[in-house]
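Note: the block below is upload-v8.cif and it holds mmCIF, C-alpha atoms and all ligand atoms.
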```cif
data_target
#
loop_
_atom_site.label_atom_id
_atom_site.label_comp_id
_atom_site.auth_asym_id
_atom_site.auth_seq_id
_atom_site.Cartn_x
_atom_site.Cartn_y
_atom_site.Cartn_z
CA PRO A 1 150.07 89.93 101.91
CA ARG A 2 149.35 88.17 98.68
CA THR A 3 146.13 89.01 96.94
CA SER A 4 144.21 86.99 94.43
CA ARG A 5 142.83 88.81 91.48
CA LYS A 6 140.10 87.77 89.17
CA PRO A 7 138.51 89.62 86.27
CA GLU A 8 135.39 91.55 87.09
CA GLN A 9 132.20 89.57 86.61
CA GLY A 10 130.54 90.37 83.34
CA MET A 11 133.57 92.17 81.93
CA GLY A 12 135.46 91.00 78.92
CA SER A 13 139.20 91.45 78.66
CA LYS A 14 138.67 95.03 77.53
CA THR A 15 136.28 97.78 78.49
CA THR A 16 134.65 100.28 76.13
CA PRO A 17 137.16 101.92 73.81
CA CYS A 18 137.33 105.69 73.34
CA SER A 19 136.75 106.97 69.83
CA PRO A 20 139.59 106.25 67.38
CA ALA A 21 142.19 108.98 66.97
CA PRO A 22 145.52 109.15 65.16
CA LEU A 23 148.86 109.09 66.94
CA GLN A 24 149.71 112.64 68.02
CA VAL A 25 152.89 114.04 66.54
CA VAL A 26 154.58 117.04 68.15
CA VAL A 27 157.72 118.44 66.48
CA ARG A 28 160.23 120.48 68.46
CA ILE A 29 163.09 122.34 66.80
CA ARG A 30 165.69 123.13 69.44
CA PRO A 31 167.60 126.43 69.60
CA PRO A 32 171.13 126.59 68.12
CA GLN A 33 173.86 125.51 70.57
CA SER A 34 177.47 126.60 70.76
CA HIS A 35 178.62 123.15 69.63
CA ASP A 36 176.67 123.60 66.39
CA GLY A 37 179.53 125.92 65.40
CA GLY A 38 177.24 128.76 64.31
CA LEU A 39 176.16 126.64 61.35
CA CYS A 40 172.42 126.76 61.83
CA SER A 41 171.13 128.38 58.69
CA SER A 42 167.45 128.30 57.96
CA TRP A 43 167.30 124.88 56.34
CA VAL A 44 164.48 124.01 58.73
CA GLN A 45 161.81 126.53 59.67
CA HIS A 46 158.95 126.65 62.07
CA VAL A 47 156.26 128.03 59.72
CA ASP A 48 153.30 128.01 62.12
CA GLY A 49 151.89 126.05 65.07
CA ALA A 50 151.33 122.99 62.89
CA THR A 51 153.78 123.34 59.99
CA ALA A 52 157.53 122.97 59.49
CA ARG A 53 159.38 123.60 56.24
CA ALA A 54 162.62 121.86 55.35
CA GLN A 55 164.46 122.11 52.06
CA GLY A 56 161.42 123.48 50.28
CA THR A 57 158.97 120.84 51.55
CA LYS A 58 156.16 121.64 53.99
CA PHE A 59 155.33 119.09 56.67
CA LYS A 60 152.10 119.14 58.72
CA TYR A 61 151.88 117.82 62.29
CA ASP A 62 149.60 118.23 65.28
CA ASN A 63 151.98 120.80 66.77
CA VAL A 64 155.27 122.36 65.75
CA PHE A 65 157.40 124.23 68.29
CA GLY A 66 160.32 126.46 67.42
CA PRO A 67 163.49 127.27 69.39
CA GLU A 68 161.73 129.72 71.72
CA ALA A 69 159.16 127.20 72.99
CA SER A 70 159.09 126.54 76.72
CA GLN A 71 158.97 123.09 78.31
CA ALA A 72 155.53 124.02 79.67
CA ALA A 73 154.20 124.80 76.18
CA VAL A 74 155.49 121.50 74.77
CA TYR A 75 154.03 119.72 77.80
CA GLN A 76 150.58 121.23 77.26
CA ALA A 77 150.51 119.98 73.67
CA SER A 78 152.05 116.55 74.17
CA VAL A 79 151.68 115.12 77.67
CA ALA A 80 148.80 117.04 79.29
CA PRO A 81 146.16 115.25 77.12
CA LEU A 82 147.75 111.92 78.07
CA ILE A 83 147.31 112.62 81.79
CA ASP A 84 143.55 113.07 81.27
CA ILE A 85 143.51 109.69 79.52
CA ILE A 86 145.57 107.97 82.22
CA LEU A 87 143.04 109.09 84.82
CA THR A 88 140.29 107.26 82.91
CA GLY A 89 142.26 104.04 83.42
CA THR A 90 143.74 103.97 79.91
CA SER A 91 147.47 103.60 79.28
CA ALA A 92 149.47 106.25 77.43
CA CYS A 93 152.95 106.70 76.02
CA ILE A 94 155.18 109.51 74.85
CA PHE A 95 158.38 108.71 73.01
CA ALA A 96 161.09 111.16 71.98
CA TYR A 97 162.58 110.41 68.58
CA GLY A 98 165.47 112.18 66.85
CA SER A 99 169.21 112.21 66.24
CA THR A 100 171.78 112.58 69.02
CA GLY A 101 171.87 116.19 70.19
CA ALA A 102 168.39 116.98 68.84
CA GLY A 103 166.96 117.62 72.31
CA LYS A 104 165.32 114.33 73.34
CA THR A 105 166.73 114.14 76.88
CA TYR A 106 166.36 117.90 77.37
CA SER A 107 162.67 117.55 76.46
CA MET A 108 161.90 114.34 78.35
CA ILE A 109 163.83 114.97 81.57
CA GLY A 110 165.19 118.49 81.36
CA PRO A 111 168.61 119.97 81.99
CA GLY A 112 170.25 118.86 85.20
CA GLY A 113 167.85 116.01 85.89
CA GLY A 114 166.74 115.07 89.39
CA GLU A 115 164.68 117.50 91.46
CA LYS A 116 165.56 120.49 89.30
CA ALA A 117 164.43 118.90 86.04
CA THR A 118 161.74 120.67 84.03
CA GLY A 119 161.03 118.24 81.21
CA MET A 120 157.97 116.19 80.28
CA MET A 121 158.60 113.51 82.92
CA PRO A 122 158.79 115.82 85.98
CA LEU A 123 155.84 117.87 84.70
CA ALA A 124 153.80 114.70 84.12
CA ALA A 125 154.71 113.34 87.55
CA ALA A 126 153.74 116.59 89.29
CA GLU A 127 150.42 116.65 87.46
CA LEU A 128 149.70 112.99 88.28
CA PHE A 129 150.36 113.53 91.98
CA ARG A 130 148.25 116.70 92.01
CA ARG A 131 145.32 115.19 90.14
CA THR A 132 145.23 111.84 91.97
CA ALA A 133 145.39 113.62 95.34
CA ARG A 134 142.45 115.80 94.34
CA LEU A 135 140.41 112.83 93.07
CA GLN A 136 141.16 110.95 96.25
CA GLN A 137 140.06 113.90 98.35
CA ASP A 138 136.81 114.28 96.41
CA ALA A 139 135.97 110.63 96.94
CA VAL A 140 137.00 110.25 100.58
CA GLY A 141 137.35 106.63 101.51
CA ARG A 142 135.89 105.43 98.24
CA SER A 143 138.78 105.63 95.84
CA GLU A 144 142.53 105.55 96.36
CA PHE A 145 145.49 105.81 94.05
CA GLU A 146 148.90 104.23 94.17
CA LEU A 147 151.74 105.35 91.90
CA ARG A 148 154.69 103.09 91.15
CA VAL A 149 157.72 103.69 89.02
CA SER A 150 160.00 101.44 87.02
CA TYR A 151 162.93 102.47 84.84
CA VAL A 152 164.69 100.24 82.33
CA GLU A 153 166.97 100.70 79.39
CA VAL A 154 167.25 98.65 76.25
CA TYR A 155 170.90 98.36 75.22
CA CYS A 156 172.20 95.84 72.68
CA ASN A 157 168.71 94.31 72.49
CA ARG A 158 168.76 93.54 76.24
CA VAL A 159 166.76 95.01 79.09
CA ARG A 160 168.66 96.46 82.05
CA ASP A 161 166.91 97.43 85.25
CA LEU A 162 168.02 100.97 86.08
CA LEU A 163 166.48 100.85 89.56
CA ALA A 164 168.03 97.55 90.60
CA PRO A 165 169.85 97.94 93.94
CA ARG A 166 172.95 96.32 92.50
CA GLU A 167 174.55 96.73 89.10
CA PRO A 168 172.77 94.22 86.88
CA ARG A 169 174.98 92.05 84.74
CA GLY A 170 174.60 89.20 82.31
CA GLU A 171 171.92 88.56 79.79
CA GLY A 172 169.47 91.18 80.98
CA LEU A 173 165.87 90.68 82.03
CA ALA A 174 163.60 88.26 80.21
CA LEU A 175 160.35 89.52 78.72
CA ARG A 176 157.01 88.09 79.76
CA GLU A 177 153.48 88.72 78.63
CA ALA A 178 150.79 89.37 81.23
CA GLU A 179 147.27 87.98 80.88
CA ASP A 180 146.06 91.30 79.51
CA GLY A 181 148.72 91.25 76.78
CA ARG A 182 151.05 93.75 78.41
CA VAL A 183 154.72 92.88 77.89
CA TYR A 184 156.98 93.48 80.90
CA ALA A 185 160.53 92.70 82.01
CA GLU A 186 160.50 89.86 84.49
CA GLY A 187 161.93 90.71 87.91
CA MET A 188 162.05 94.42 87.15
CA THR A 189 162.14 96.70 90.19
CA GLU A 190 158.94 98.67 90.70
CA ILE A 191 158.93 101.21 93.49
CA ARG A 192 155.91 102.79 95.10
CA VAL A 193 156.29 106.56 95.02
CA THR A 194 154.50 108.98 97.29
CA SER A 195 155.97 112.30 96.15
CA VAL A 196 157.32 113.97 93.02
CA GLN A 197 160.66 114.51 94.75
CA GLN A 198 161.01 110.80 95.45
CA LEU A 199 160.22 109.98 91.83
CA LEU A 200 162.73 112.53 90.53
CA ARG A 201 165.44 111.17 92.82
CA LEU A 202 164.78 107.70 91.40
CA GLU A 203 165.01 109.09 87.87
CA ARG A 204 168.34 110.65 88.69
CA SER A 205 169.84 107.51 90.18
CA GLY A 206 168.45 105.45 87.27
CA SER A 207 169.86 107.86 84.71
CA LYS A 208 173.23 107.67 86.45
CA ALA A 209 173.14 103.88 86.19
CA ARG A 210 172.36 104.34 82.52
CA SER A 211 175.38 106.47 81.79
CA THR A 212 178.12 104.69 83.75
CA GLU A 213 178.87 102.31 80.90
CA GLN A 214 182.54 102.13 79.89
CA THR A 215 181.80 103.38 76.40
CA GLY A 216 181.30 106.89 77.80
CA VAL A 217 178.28 108.95 78.75
CA HIS A 218 177.41 110.33 75.37
CA ALA A 219 178.16 107.22 73.33
CA HIS A 220 176.11 105.10 75.70
CA SER A 221 173.07 107.31 76.05
CA SER A 222 172.92 107.90 72.32
CA ARG A 223 172.76 104.13 71.82
CA SER A 224 170.38 103.04 74.54
CA HIS A 225 166.64 103.47 74.82
CA ALA A 226 165.39 104.55 78.27
CA LEU A 227 161.84 103.69 79.33
CA LEU A 228 160.46 105.19 82.52
CA THR A 229 157.00 103.88 83.40
CA ILE A 230 154.60 105.23 85.99
CA ALA A 231 151.90 102.74 86.96
CA VAL A 232 148.79 104.52 88.19
CA GLU A 233 146.56 102.13 90.11
CA ARG A 234 143.11 103.14 91.26
CA ARG A 235 141.43 101.02 93.92
CA TRP A 236 137.86 101.42 95.05
CA ARG A 237 135.04 99.58 96.74
CA GLY A 238 131.96 99.44 94.59
CA ASP A 239 128.41 99.11 95.95
CA ASP A 240 128.44 95.56 94.66
CA SER A 241 131.75 94.69 96.31
CA HIS A 242 131.75 91.70 98.55
CA VAL A 243 133.14 92.17 102.00
CA GLY A 244 136.92 92.00 101.81
CA SER A 245 137.11 92.75 98.11
CA PHE A 246 137.76 95.83 96.07
CA HIS A 247 138.21 96.83 92.46
CA SER A 248 141.49 97.78 90.89
CA GLN A 249 142.47 99.28 87.56
CA VAL A 250 146.04 100.04 86.47
CA ALA A 251 147.00 102.43 83.67
CA TYR A 252 150.63 102.87 82.63
CA LEU A 253 152.27 106.08 81.49
CA THR A 254 155.43 105.21 79.55
CA LEU A 255 157.98 107.95 78.89
CA CYS A 256 160.59 106.84 76.41
CA ASP A 257 163.85 108.54 75.44
CA LEU A 258 164.97 106.64 72.34
CA ALA A 259 168.54 106.15 71.08
CA GLY A 260 169.86 108.61 68.49
CA SER A 261 168.18 107.96 65.14
CA GLU A 262 171.33 108.85 63.16
CA SER A 263 172.79 105.47 64.13
CA MET A 264 170.32 103.87 61.74
CA GLU A 265 171.98 105.63 58.87
CA ARG A 266 175.45 104.66 60.09
CA ALA A 267 174.35 101.03 60.08
CA HIS A 268 173.69 101.16 56.38
CA ASP A 269 177.18 102.35 55.51
CA GLY A 270 178.77 99.64 57.66
CA ALA A 271 180.46 102.03 60.10
CA ALA A 272 178.59 100.95 63.23
CA ASP A 273 180.03 98.55 65.78
CA ASP A 274 178.05 95.81 67.51
CA ALA A 275 176.37 98.05 70.07
CA GLY A 276 175.47 100.50 67.34
CA ILE A 277 174.02 97.78 65.17
CA ALA A 278 171.97 96.24 67.99
CA THR A 279 170.57 99.66 68.87
CA ASN A 280 169.90 100.34 65.23
CA LEU A 281 168.00 97.08 65.05
CA GLY A 282 165.69 98.26 67.86
CA LEU A 283 165.05 101.56 66.10
CA PHE A 284 164.91 99.89 62.72
CA HIS A 285 162.20 97.53 63.96
CA LEU A 286 160.39 100.37 65.71
CA CYS A 287 160.23 102.20 62.38
CA ARG A 288 158.99 99.04 60.66
CA VAL A 289 156.27 98.58 63.29
CA ILE A 290 155.14 102.19 62.99
CA LYS A 291 155.13 102.02 59.19
CA ALA A 292 153.16 98.74 59.26
CA ARG A 293 150.63 100.30 61.65
CA ALA A 294 150.45 103.49 59.55
CA GLU A 295 149.68 101.37 56.48
CA SER A 296 147.19 99.20 58.43
CA ALA A 297 149.25 96.13 57.50
CA ALA A 298 147.79 92.75 58.41
CA VAL A 299 150.95 91.67 60.22
CA VAL A 300 152.85 94.02 62.53
CA PRO A 301 156.34 92.73 63.47
CA TYR A 302 156.37 93.60 67.20
CA ARG A 303 158.29 90.43 68.06
CA ASP A 304 161.40 91.28 66.05
CA SER A 305 163.17 93.24 68.81
CA VAL A 306 163.11 93.77 72.56
CA LEU A 307 162.29 97.46 72.10
CA THR A 308 159.22 96.82 69.92
CA ARG A 309 158.00 94.12 72.29
CA LEU A 310 158.30 96.43 75.31
CA LEU A 311 156.50 99.16 73.38
CA GLN A 312 153.91 96.80 71.91
CA THR A 313 151.11 97.94 74.23
CA SER A 314 151.98 101.56 73.43
CA LEU A 315 151.98 101.00 69.68
CA CYS A 316 149.25 98.42 69.10
CA GLY A 317 146.51 101.03 69.41
CA THR A 318 144.99 100.43 72.85
CA ALA A 319 147.07 103.21 74.46
CA ALA A 320 147.05 106.91 73.63
CA THR A 321 150.46 107.65 72.15
CA CYS A 322 152.37 110.80 71.30
CA MET A 323 155.57 111.04 69.29
CA LEU A 324 157.82 113.94 70.22
CA ALA A 325 160.01 114.42 67.17
CA CYS A 326 163.11 116.37 68.13
CA VAL A 327 164.93 118.28 65.41
CA SER A 328 168.36 119.92 65.48
CA PRO A 329 168.72 123.09 63.40
CA ALA A 330 172.44 122.42 62.78
CA GLU A 331 173.55 122.10 59.16
CA ALA A 332 175.62 119.07 60.15
CA ASP A 333 172.45 117.27 61.35
CA ALA A 334 170.34 118.12 58.29
CA GLY A 335 170.31 114.51 57.01
CA PRO A 336 168.96 112.82 60.13
CA SER A 337 166.74 115.81 60.95
CA LEU A 338 165.05 115.52 57.56
CA SER A 339 164.60 111.77 58.12
CA THR A 340 162.98 112.56 61.48
CA LEU A 341 160.53 114.99 59.84
CA ARG A 342 159.65 112.45 57.13
CA PHE A 343 159.23 109.60 59.58
CA ALA A 344 157.10 111.75 61.91
CA ALA A 345 154.78 112.49 58.97
CA VAL A 346 154.35 108.74 58.35
CA ALA A 347 153.78 107.97 62.06
CA ARG A 348 150.92 110.44 62.11
CA ARG A 349 148.86 108.13 59.90
CA MET A 350 148.78 105.51 62.63
CA GLN A 351 145.26 105.04 64.04
CA LEU A 352 144.73 104.39 67.75
CA THR A 353 141.70 103.28 69.72
CA PRO A 354 142.71 103.90 73.34
CA THR A 355 140.96 101.38 75.57
CA ALA A 356 140.61 101.40 79.34
CA ALA A 357 142.39 98.65 81.25
CA ARG A 358 140.44 95.74 82.60
CA VAL A 359 138.99 96.20 86.08
CA VAL A 360 139.87 93.34 88.39
CA SER A 361 138.40 92.33 91.72
CA VAL A 362 140.93 91.88 94.44
CA LEU A 363 140.26 89.80 97.52
CA ASP A 364 142.04 91.37 100.43
CA ASP A 365 141.12 92.59 103.89
CA ASP A 366 143.30 95.61 103.54
CA PRO A 367 142.97 97.21 100.13
CA MET A 368 145.94 99.49 100.60
CA ALA A 369 148.35 96.82 101.81
CA GLY A 370 151.36 96.31 99.54
CA ASP A 371 150.44 93.38 97.36
CA VAL A 372 152.17 91.35 94.74
CA HIS A 373 150.65 91.26 91.29
CA ASP A 374 149.83 87.76 90.23
CA HIS A 375 151.23 88.38 86.76
CA ASP A 376 154.66 89.05 88.14
CA PRO A 377 155.68 86.94 91.09
CA GLN A 378 159.21 88.30 90.85
CA LEU A 379 158.14 91.89 91.31
CA GLN A 380 160.44 93.51 93.82
CA ARG A 381 159.39 96.26 96.16
CA ARG A 382 161.43 98.58 98.23
P1 LIG B 401 169.60 114.23 72.78
O1 LIG B 401 169.11 113.69 74.06
O2 LIG B 401 168.58 114.20 71.70
O3 LIG B 401 170.88 113.61 72.34
P2 LIG B 401 170.00 116.63 74.32
O4 LIG B 401 168.66 116.71 74.95
O5 LIG B 401 171.11 116.12 75.16
O6 LIG B 401 169.93 115.78 72.97
O7 LIG B 401 170.34 118.09 73.75
C1 LIG B 401 171.58 118.43 73.18
C2 LIG B 401 172.04 119.78 73.72
O8 LIG B 401 171.11 120.80 73.32
C3 LIG B 401 172.10 119.83 75.22
O9 LIG B 401 173.19 120.63 75.60
C4 LIG B 401 170.79 120.48 75.62
O10 LIG B 401 170.89 121.15 76.84
C5 LIG B 401 170.55 121.44 74.46
N1 LIG B 401 169.11 121.62 74.19
C6 LIG B 401 168.31 120.71 73.61
N2 LIG B 401 167.06 121.19 73.46
C7 LIG B 401 167.07 122.43 73.98
C8 LIG B 401 166.07 123.44 74.15
N3 LIG B 401 164.81 123.27 73.73
N4 LIG B 401 166.44 124.61 74.72
C9 LIG B 401 167.73 124.81 75.13
N5 LIG B 401 168.71 123.89 75.00
C10 LIG B 401 168.40 122.71 74.44
MG MG B 402 169.95 112.08 75.17
#
```

Full structure transcribed into structure tokens:
Amino acid sequence: PRTSRKPEQGMGSKTTPCSPAPLQVVVRIRPPQSHDGGLCSSWVQHVDGATARAQGTKFKYDNVFGPEASQAAVYQASVAPLIDIILTGTSACIFAYGSTGAGKTYSMIGPGGGEKATGMMPLAAAELFRRTARLQQDAVGRSEFELRVSYVEVYCNRVRDLLAPREPRGEGLALREAEDGRVYAEGMTEIRVTSVQQLLRLERSGSKARSTEQTGVHAHSSRSHALLTIAVERRWRGDDSHVGSFHSQVAYLTLCDLAGSESMERAHDGAADDAGIATNLGLFHLCRVIKARAESAAVVPYRDSVLTRLLQTSLCGTAATCMLACVSPAEADAGPSLSTLRFAAVARRMQLTPTAARVVSVLDDDPMAGDVHDHDPQLQRR
């Protein structure tokens, strides 16, 4: 059934903001790997829980984790606070930044992927299911949650739907802006999920679709940005609800595994091919946006790339955002790793004022019936 939504009476486009806070920066230095060739001298050190030292310079962050850190410890510092925020109806984002091989995918998804994965995404999903089930139980009949997942990649400045039933070809999905300012990919598949296992299976099939590009698994994943979004919708009937209407609020948790940051440096020396350059442009513009926000610039160039447009809501300040800066200890990666540390220090100056999503009234006899959002008539459901 189709539902009609209208903004809550007496509510503006935004509800009360939380107090301003800077973007959270968590640095993770991965353990040496066999492919580092034993060349992992102490050029970068984990000094204490908030400090890293590289080539004689000390860098301060919200958290710094060394090679021995567990996924659970990184989760507690980076994503756990975001889950609390999501449950207040405010959107949140975590993005992993760093060179290829620095540990972004290991941290975000975890080795193996699928149901065995132990990274930030599976931990966040488990926590969301646990917490929403508990909230629903405590408020029997009064409040219900629905979780939906979408998974896209940005490759060559185009959006590909990783959950599309058939291999998507052509120009990629067009971007649209919803009434509330959120930018989304038109026609993107969004699937209702009712268990962590189901969500993890979708991640696995999406990640497979991501890596089956002819250019090869590693080359492709180091050049594409993957964005997995979990929409958390709360629906409830207020005392003031009219018969046949209920309230709805949707917060989005975006988990982003960015392309390898070293490609940006390759672009400058002219060695990158087209795909490399297009990816670099996304990252290049992301860095420009973050720098502009960190310097409180009057104009922030979100519109310059598909990646920055898709991340606009996560970077403009109304969402709670965490940067997970992944650092390789290998000598060979010292250049890009140092750039990551420097850039993470700049990003930390970005101020955010996370703001709860607008509450809308929905006219429908059956509040839990699958509905189609009016901002996206193309939205597919399976
Ligand atoms: P990226 O996604 O940044 O290119 P990966 O996450 O694929 O890098 O990590 C590169 C390699 O290092 C992989 O073999 C991965 O399993 C390993 N690795 C990364 N981080 C860790 C970690 N914290 N602990 C153990 N192994 C790790
Ligand atoms: Mg990766």

If you count all atoms listed in the file, which residues fall within 7 Å of A:Arg158, apart from same-chain ones fewer than 5 positions away, as a PDB file with C-alpha atoms, in the frame of the given file?
```pdb
ATOM      1  CA  GLU A 171     171.920  88.560  79.790  1.00  0.00           C
ATOM      2  CA  GLY A 172     169.470  91.180  80.980  1.00  0.00           C
ATOM      3  CA  VAL A 306     163.110  93.770  72.560  1.00  0.00           C
TER       4      VAL A 306
END
```

Using Å and a single decimal, report how far atom CA of A:Glu203 sits from atom CA of A:Gly114.
6.4 Å

If I take atom CA of A:Ala54 and atom CA of A:Thr100, how far is one from the other in Å, to one decimal?
18.9 Å

Would you mind listing, for every residue of chain A within 8 Å of ligand MG 402 (chain B), the two atoms forming the shortest contact and the distance between them in Å to one decimal, using only C-alpha atoms and all ligand atoms, sorted by chain and ascending residue number, as a Markdown table?
```
| residue | atom | partner | partner_atom | distance |
| --- | --- | --- | --- | --- |
| A:Thr100 | CA | B:MG402 | MG | 6.4 |
| A:Gly101 | CA | B:MG402 | MG | 6.7 |
| A:Gly103 | CA | B:MG402 | MG | 6.9 |
| A:Lys104 | CA | B:MG402 | MG | 5.5 |
| A:Thr105 | CA | B:MG402 | MG | 4.2 |
| A:Tyr106 | CA | B:MG402 | MG | 7.2 |
| A:His218 | CA | B:MG402 | MG | 7.7 |
| A:Ser221 | CA | B:MG402 | MG | 5.8 |
| A:Ser222 | CA | B:MG402 | MG | 5.9 |
| A:Asp257 | CA | B:MG402 | MG | 7.1 |
| A:Leu258 | CA | B:MG402 | MG | 7.9 |
| A:Ala259 | CA | B:MG402 | MG | 7.3 |
| A:Gly260 | CA | B:MG402 | MG | 7.5 |
```

Atom CA of A:Ala102 to atom CA of A:Glu331, straight-line distance in Å:
12.1 Å

Of the residues A:Val159, A:Ala21, A:Met350, A:Val327, which is the one nearest to ligand LIG 401 (chain B), using all atoms listed in the file?
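Closest to ligand LIG 401 (chain B), using all atoms listed in the file: A:Val327.
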
Fewer than 4 positions away in the same chain doesn't count, so skip those; otherwise give me all residues within 12 Å of A:Pro329, counting all atoms listed in the file, as a PyMOL selection string.
chain A and resi 28-46+52-54+66-67+98-99+101-103+333-338

Near A:Thr321, counting only C-alpha atoms, which residues have an atom at most 8 Å away, once you skip same-chain residues fewer than 2 positions from it, shown as JSON, numbers by chain?
{"A": [23, 24, 82, 92, 93, 94, 314, 315, 319, 323, 352]}

Axis-aligned box for all listed atoms of ligand LIG 401 (chain B), 6 Å per side, centre and edges in Å to one decimal, as lines of an AutoDock Vina configuration file:
```
center_x = 169.0
center_y = 119.2
center_z = 74.3
size_x = 20.4
size_y = 23.2
size_z = 17.1
```

Measuring between all atoms listed in the file, which one of A:Asp161, A:Ile85, A:Gly282, A:Tyr75 shows the shortest distance to A:Thr353?
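Of all the options, A:Ile85 lies closest to A:Thr353.
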
Minimum-distance residue to ligand LIG 401 (chain B), chosen among A:Ala320, A:Leu311, A:Leu255, A:Ile109 (using only C-alpha atoms and all ligand atoms)
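For ligand LIG 401 (chain B), the nearest of the candidates is A:Ile109.
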
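Each of A:Ala251, A:Val140, A:Met108, A:Val27 was checked against ligand LIG 401 (chain B) using only C-alpha atoms and all ligand atoms; the smallest atom-to-atom distance is that of A:Met108.
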
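Nearest residue to ligand LIG 401 (chain B) among A:Thr340, A:Ser195, A:Gln249, A:Asn157 is A:Thr340, counting all atoms listed in the file.
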
Within 12 Å of A:Arg131 using all atoms listed in the file, minus same-chain residues under 2 positions, as a PyMOL selection string:
chain A and resi 80+83-84+86-88+124-129+133-138+144-145+147+232

Please identify all polymer residues within 9 Å of A:Thr194, counting only C-alpha atoms, omitting same-chain residues fewer than 3 positions from it, and present them as a PyMOL selection string.
chain A and resi 129+146-148+197-199

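Using all atoms listed in the file, the shortest contact distance between A:Val362 and any of A:Leu310, A:Lys291, A:Arg349, A:Ser245 is found at A:Ser245.
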